[in-house]
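Each remark here refers to the structure printed beneath this line.
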Amino acid sequence: MKTYKAVPRKAMLTSALLAVMAGPAWAQDQATDSTAPSSQTADPTTLDAVQVTGIRASLASSMNLKRDSQGVVDGIVAEDIGKFPDTNLAESLQRISGVSIDRTSSGEGSKVTVRGIGPDFNLVLLNGRQMPASNLGDGGAGLSSSRSFDFANIASESISAVEVYKTVRADNPTGGIGATINVKTLRPLEAEPVISVGLKAVNDTSNDNLPSTLQGKDFTGEMSGIFSQQYADGRFGVMLSGSYQERDSGFNQATVAEGWATFYGNETDDWRVLPQPGQGYADRITNHPGPNDVYARPQNTAYNVNGVQRQRTNGQATLQWKPADNITTTLDYTYVENKVQQQRSELSVWFNYGPGDSTWTNGPIAAPIIYSEDMTNSDVSMGGAQLATKNTMDSLGFNVDWEVNDSLDLSFDFHNSSAESQPDSKYGSAGVLGVAAFVRGTTTVDYSGDLPIINIALPPGGVQASDALVTGSVFQNSYNKSEVQQYQGSGVFRFADYSALDFGVGYAEVKNRSASAIMQRDSWGGVGTPADYDDSIWYADDMAKYFDAFSGHDDPRLTGQFLVFDFDRLIDRAAQVGTAGSPACPTCYYAPTEYTDDIRTTETSKSAYLQYRTTFDWSMPFSVAVGVRYEQTEVESLAMVRVPESITWNSANELNIDYADDRAFVGGKGKYDYVLPNLDLKLDVLENLVLRGSYSRSLGRPGWSKIQSGQTLAGIVRTQGGTGSRGNPGLEPLISDNFDLSLEWYYGESSYASVGFFRKNIKNFISDTIVRENTGELHTPVGGAYWNAALASGLCAGTDGACIRNYIFNNFDGQPGVTATGTNSAGERTGTIVGQPGDPVAGFDITLPANQRSDHLDGWEIALQHLFGQSGFGVAANYTKVKSGLTFDNYSLGDQYPMIGLSDSANVVAFYDKNRWQVRAAYNWRDSFLSGIGGQGPNPNYTDDYGQLDLNISYAATDNLTLSVEAINLTDETMRTYSRHTNMLRYATQTGPRYMFGVRYKF
């Protein structure tokens, strides 16, 4: 199998590309050498060296890739050099049967799920090489765990094809249970010479639906160019490509970001539960959850608006040299830079699980229809955030293909690649500034619609600038870097009977580092007083108008009034204001540069494979490929973690861990090896009818956080305890035995129909187990001597944290661990209460990964591609049905081990391609699926079913000049994520259509 890679230096790429565009000079017009030997008969990784143009030709090439392949392979081939069907590779991949995408908050395709297997277990290759992947998690805060490649980082202009291997071959690297996805870039000796320049103007309508302080430009630009030439009679080739894109967008969300506290209806031993009938305020509860029902109470509910700016730079250089007719050398370099900035304004209400009116759905999953809590001078929270990250990737590779003789081909490939994600702002990767006005009364939320309706009892005039002040803040620096160094040697020996033996060895070292540092000021009762802040810092706005894509946004009950502020100006002022008993803290509003958590993991793999291929010329040609791959992997992890020292109670429902200045390093190791067989059978029943059967064994490696050493505790602790996590370097990988059977009918030119069945028997499935542990000697004030004295007084209920704090400050100020500092705007005493020896030891829910169980996954894939003669019209459609026992049981509150991403999907693409016009309308649909677990314990997060219509129209004004219009999300769809019931919202997201107007000139 031929694999290649890239040439260095970002600056050299840019200057060389611009120089070429300024003065195009054609090389000698040499025919492409399409006689290079293939590593196997009709190997889909060696495409015919023909110029591919137009939608019809692209579909024909994709069909031939599928038809001629060993095993089940689907793919997409560029319509022309520099013109991939979609500007985002993930958006293109979702057109393939069995492939679904995960979208970012801004609606753009990011990662792929294949046949129900989530992104972490699909291996992405670039020209046959394993690529590093880095990210900073949601919102730029947190240690990275994912191995999944983010397709939003790569521009599509230099991509010639994407191949999706759904069955396993011995000669492909391991790591993909769902699929191995190979992204192929242009090679100058394998394509016709070309010089091409493209320009686009982008109008993202989501940017229009934002406060003016968050809006970007109405139109942003993209530019791209490709130069590919051959010299010296086709013995030397040069390819340079580059692209630069700016995109300003936005998204608006309604959220219950902190999740849902979930219980059985008969539970009584947790202070957050509803009172039982006949007790407390139970008479205010309509349709009280039954004793065996599962119900949940929200921690918070919020609306937020977000402005996002992105600048993406891609560059690639490839040099190819044939010193002899039977030797081809390739040197290539790829560079990616993706900068993202985000600004957020938020209106949120927090609940204390206190008394209030509520109405519930019928069980067995009881969800709130109307939920309220009594509040007196509580906080209307109006936070702001600044997020800024920079993702870079560069890859240098070298490849030699040597046709030793008519029987033997050899290939050697090396590459060194790295991907890095880091902060790109003085505020770190994520800076969050809390703001509040302590004027909130009874708060009610209606969860029955797609958009939750928040109603807040406010004083006359609502929230005023004169009521607002800064509260708590969090500034975080996160960092992630992944490095891959890989050596591959391969060959093919062809026997006289046209059978062949593939063989190869490989070595790969993957290093992953995740680190973070955090500065948190837990002044949630307020920094100073409202009088310390000039009223001109704030201005009033209304959230309701930013959610017009959701029904209910105009509900008269909706309290949408909030205050927007200048982030920089407010920080400058907050840095000058002290809290009661505490001086001003200028350093509190910048992220620290010294990491407090640092996890470094090295994964070293050695591999070898053999594969024998032959065809029996019976009455029906019968092709067989049988192979085996041996894989040995060693894992070593070293982690620096913070050492917890004490717990301080800072506000009514929030405690914080205090850490020692010293940090500890801990380490761990793991090792595993597996033999991975594969068998592919292909029977040509008729000239146009193909029957396939495959068996293979594949492995999927655990996420980085799963195999880390050390334990990390969340800095915020609730009155019921805290949370944390630790990994296990000794985890085994997932092992999947895969079975495929398919029938393909190629009944016309570029037309076919296929149906396939697949089954995956997966063992060693990794899932999180939550264990309640007493971590060290961290004493909590909750349930301690001062707490119990407050309860014994009869003045405070056990659920009234504010009352208990006031009692402790009033009666024990100056005693060990108690320091009162003043009174906030809500009339609550402020200060700190530190857990003392003799107080209870805090309990923590520690999340542990483990190889839990085995189960199966099976499904059907149906695909049709039809061209209506020479009319220019055609249609491509597919449907994938997936079923598995690896689902989440909504009625269980215990540990569970579901498969993330499991869902059905469908695509319909209608197109017209004739003369100078190309028109393509593509509708993609994905059924609801489990997208994650979390939020107040092991709760499911389901993403609702989603369908999107995209449209692309292009017109060739001349043979060289093409004009185009693209529309993404033409029908303005919204996205929604919920927990065990649709009323248990997690995220409801509104974006908007995106339009692109392009011009492309081919010299």
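A note on labels: chains of the structure tokens are A, B, ... as shown, every chain counts residues from 1, and ligands are counted from 1 in their shown order.
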Do you know which residues are at most 6 Å from Tyr978 of chain A counting only C-alpha atoms, after dropping those on the same chain fewer than 6 positions away, and could you put them as a PDB file with C-alpha atoms, in the first residue's frame?
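The result, stored in out_14.pdb:
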ATOM      1  CA  ASN A 941     -27.259  12.860  27.998  1.00  0.00           C
ATOM      2  CA  TYR A 942     -29.301  12.172  24.877  1.00  0.00           C
ATOM      3  CA  MET A 984     -34.902  17.183  31.759  1.00  0.00           C
ATOM      4  CA  LEU A 985     -33.113  19.574  29.440  1.00  0.00           C
ATOM      5  CA  ARG A 986     -29.332  19.781  29.313  1.00  0.00           C
TER       6      ARG A 986
END
Residues at most 6 Å from Asn851 of chain A, counting only C-alpha atoms, excluding those fewer than 4 positions away in the same chain, as a VMD selection string? chain A and resid 764 to 766
Those same residues, written as a PDB file, in the first residue's frame with N, CA and C atoms?
ATOM      1  N   ASN A 764     -14.324  -6.366  26.917  1.00  0.00           N
ATOM      2  CA  ASN A 764     -13.463  -5.402  27.612  1.00  0.00           C
ATOM      3  C   ASN A 764     -14.032  -3.992  27.550  1.00  0.00           C
ATOM      4  N   PHE A 765     -15.349  -3.902  27.396  1.00  0.00           N
ATOM      5  CA  PHE A 765     -15.941  -2.575  27.255  1.00  0.00           C
ATOM      6  C   PHE A 765     -15.618  -1.732  28.485  1.00  0.00           C
ATOM      7  N   ILE A 766     -15.138  -0.519  28.239  1.00  0.00           N
ATOM      8  CA  ILE A 766     -14.690   0.365  29.310  1.00  0.00           C
ATOM      9  C   ILE A 766     -15.809   1.324  29.676  1.00  0.00           C
TER      10      ILE A 766
END
So which bits of segment 157-235 of chain A end up helix (DSSP H, G or I) when you DSSP the backbone, as JSON, numbers by chain? {"A": [188, 189, 190, 205, 206, 207, 208]}
Find, counting only C-alpha atoms, the residue in A:Asn728, A:Thr334, A:Asn477, A:Ser871 that gets nearest to Ala850 of chain A. A:Asn728
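Atom CA of Leu387 of chain A sits 10.2 Å away from atom CA of Gly307 of chain A.
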Contacts of Asp617 of chain A within 12 Å, only C-alpha atoms, excl. fewer than 3 positions in-chain, as a list in words: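 So, after excluding close chain neighbours, the residues are Asp497, Tyr498, Ser499, Thr614, Met620, Pro621, Phe622, Ser623, Val624, Leu683 and Asp684 of chain A.
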Can you pull out every residue from segment 105-212 of chain A that DSSP, working from the backbone, puts in strand (DSSP E), and format the result as a PyMOL selection string? chain A and resi 109-114+123-126+129-130+159-165+180-185+194-204
